[in-house]
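File shown: entry.cif. Contents: mmCIF, C-alpha atoms.
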```cif
data_data
#
loop_
_atom_site.label_atom_id
_atom_site.label_comp_id
_atom_site.auth_asym_id
_atom_site.auth_seq_id
_atom_site.Cartn_x
_atom_site.Cartn_y
_atom_site.Cartn_z
CA MET X 1 32.41 -36.82 -51.90
CA HIS X 2 35.91 -38.36 -51.52
CA PRO X 3 36.88 -40.08 -54.78
CA GLN X 4 38.45 -43.50 -54.40
CA VAL X 5 38.64 -43.39 -50.59
CA THR X 6 38.56 -46.91 -49.19
CA PHE X 7 38.02 -48.17 -45.68
CA ILE X 8 39.79 -51.22 -44.27
CA TYR X 9 39.04 -52.10 -40.66
CA ASN X 10 41.97 -52.96 -38.35
CA ASP X 11 44.55 -53.51 -41.10
CA PRO X 12 48.03 -53.17 -39.53
CA ASP X 13 49.56 -52.00 -42.84
CA PHE X 14 49.21 -48.24 -43.49
CA LEU X 15 49.65 -48.51 -47.27
CA GLY X 16 46.26 -47.96 -48.92
CA GLN X 17 44.59 -46.92 -45.68
CA THR X 18 42.38 -43.85 -45.49
CA ILE X 19 43.63 -41.32 -42.96
CA PHE X 20 42.13 -38.30 -41.23
CA VAL X 21 44.56 -35.41 -40.71
CA LYS X 22 44.29 -34.14 -37.14
CA ARG X 23 47.03 -31.45 -37.12
CA GLY X 24 48.59 -28.79 -39.32
CA LYS X 25 47.38 -26.82 -42.31
CA HIS X 26 45.54 -29.86 -43.75
CA GLN X 27 43.61 -30.54 -40.54
CA GLY X 28 40.22 -32.18 -41.14
CA LYS X 29 41.05 -33.64 -44.56
CA LEU X 30 40.84 -37.28 -45.66
CA GLY X 31 43.42 -38.93 -47.89
CA ILE X 32 44.93 -42.28 -48.82
CA VAL X 33 48.43 -43.46 -47.88
CA LYS X 34 50.15 -43.98 -51.25
CA ARG X 35 53.74 -44.52 -50.05
CA VAL X 36 55.37 -45.48 -46.76
CA LEU X 37 58.67 -43.56 -46.66
CA ASN X 38 59.70 -44.90 -43.23
CA SER X 39 57.97 -45.97 -40.01
CA GLU X 40 57.04 -42.36 -39.17
CA THR X 41 56.66 -40.62 -42.57
CA PHE X 42 53.92 -41.29 -45.12
CA GLU X 43 52.95 -39.82 -48.49
CA VAL X 44 49.23 -39.19 -48.86
CA SER X 45 47.08 -38.26 -51.88
CA GLY X 46 43.57 -38.91 -53.16
CA GLY X 47 40.42 -38.02 -51.25
CA ASP X 48 40.52 -34.33 -50.33
CA PHE X 49 44.05 -33.99 -51.75
CA GLY X 50 43.20 -35.12 -55.29
CA ALA X 51 46.40 -35.65 -57.30
CA GLU X 52 48.51 -33.61 -54.85
CA ALA X 53 50.95 -35.73 -52.78
CA VAL X 54 51.59 -34.50 -49.22
CA ARG X 55 53.93 -35.98 -46.60
CA PHE X 56 52.77 -36.49 -43.02
CA GLN X 57 54.36 -37.69 -39.82
CA ARG X 58 52.50 -40.51 -38.07
CA LYS X 59 51.56 -38.22 -35.16
CA GLU X 60 49.69 -35.87 -37.54
CA PHE X 61 46.92 -38.28 -38.58
CA LEU X 62 44.49 -40.93 -37.44
CA VAL X 63 43.73 -44.05 -39.45
CA TYR X 64 40.10 -43.60 -40.46
CA ARG X 65 38.03 -46.51 -39.15
CA TYR X 66 34.66 -47.17 -40.68
CA ARG X 67 32.51 -50.28 -40.76
CA LYS X 68 30.14 -50.70 -43.63
CA LEU X 69 26.83 -52.46 -43.12
CA LYS X 70 26.96 -55.77 -44.91
CA MET X 71 23.36 -55.75 -46.06
CA ARG X 72 22.01 -55.58 -49.59
CA ALA X 73 20.09 -52.46 -50.62
CA ASP X 74 16.81 -54.34 -51.13
CA LYS X 75 16.95 -55.58 -47.51
CA LEU X 76 17.57 -52.03 -46.30
CA ARG X 77 14.41 -50.90 -48.09
CA GLN X 78 12.40 -53.67 -46.40
CA HIS X 79 13.63 -52.57 -42.94
CA ALA X 80 12.78 -48.92 -43.66
CA SER X 81 9.18 -49.75 -44.60
#
```

Would you kindly transcribe this structure into structure tokens?
Amino acid sequence: MHPQVTFIYNDPDFLGQTIFVKRGKHQGKLGIVKRVLNSETFEVSGGDFGAEAVRFQRKEFLVYRYRKLKMRADKLRQHAS
């Protein structure tokens, strides 16, 4: 789906965070912040962007928040039965 996309919940540092682009020609894509150029400009690649590096202003994206269930697969199977 999205290779090497990671999810960190409520981390104040944007570096390494997965973002969702909400505006512009890349709207709807997921990527990972690879470089922080300044407090408002970020370089994103990975995910839907692959090896391509694209720069975004902070107002153009949302930090993607996702909580994983912390339950082992065998316990999930027991609950489904």

Which residue of X:Lys29, X:Phe56, X:Ser45, X:Arg35 approaches X:Asp13 most closely, using all atoms listed in the file: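 The answer is X:Arg35, which sits nearest to X:Asp13.
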
Hits of the PyMOL selection byres ((chain X and resi 59) around 9) in this structure, as a count of residues only: 9

Result set of the PyMOL selection byres ((chain X and resi 36) around 12) on the coordinates above, as a tab-separated table (two decimals) with C-alpha atoms, keeping the file's coordinate frame:
```
chain	number	residue	atom	x	y	z
X	13	ASP	CA	49.56	-52.00	-42.84
X	14	PHE	CA	49.21	-48.24	-43.49
X	15	LEU	CA	49.65	-48.51	-47.27
X	16	GLY	CA	46.26	-47.96	-48.92
X	17	GLN	CA	44.59	-46.92	-45.68
X	32	ILE	CA	44.93	-42.28	-48.82
X	33	VAL	CA	48.43	-43.46	-47.88
X	34	LYS	CA	50.15	-43.98	-51.25
X	35	ARG	CA	53.74	-44.52	-50.05
X	37	LEU	CA	58.67	-43.56	-46.66
X	38	ASN	CA	59.70	-44.90	-43.23
X	39	SER	CA	57.97	-45.97	-40.01
X	40	GLU	CA	57.04	-42.36	-39.17
X	41	THR	CA	56.66	-40.62	-42.57
X	42	PHE	CA	53.92	-41.29	-45.12
X	43	GLU	CA	52.95	-39.82	-48.49
X	44	VAL	CA	49.23	-39.19	-48.86
X	54	VAL	CA	51.59	-34.50	-49.22
X	55	ARG	CA	53.93	-35.98	-46.60
X	56	PHE	CA	52.77	-36.49	-43.02
X	57	GLN	CA	54.36	-37.69	-39.82
X	58	ARG	CA	52.50	-40.51	-38.07
```

Atom pair atom CA of X:Gly31 / atom CA of X:Val63: separation (Å):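 Taking atom CA of X:Gly31 and atom CA of X:Val63, their separation equals 9.9 Å.
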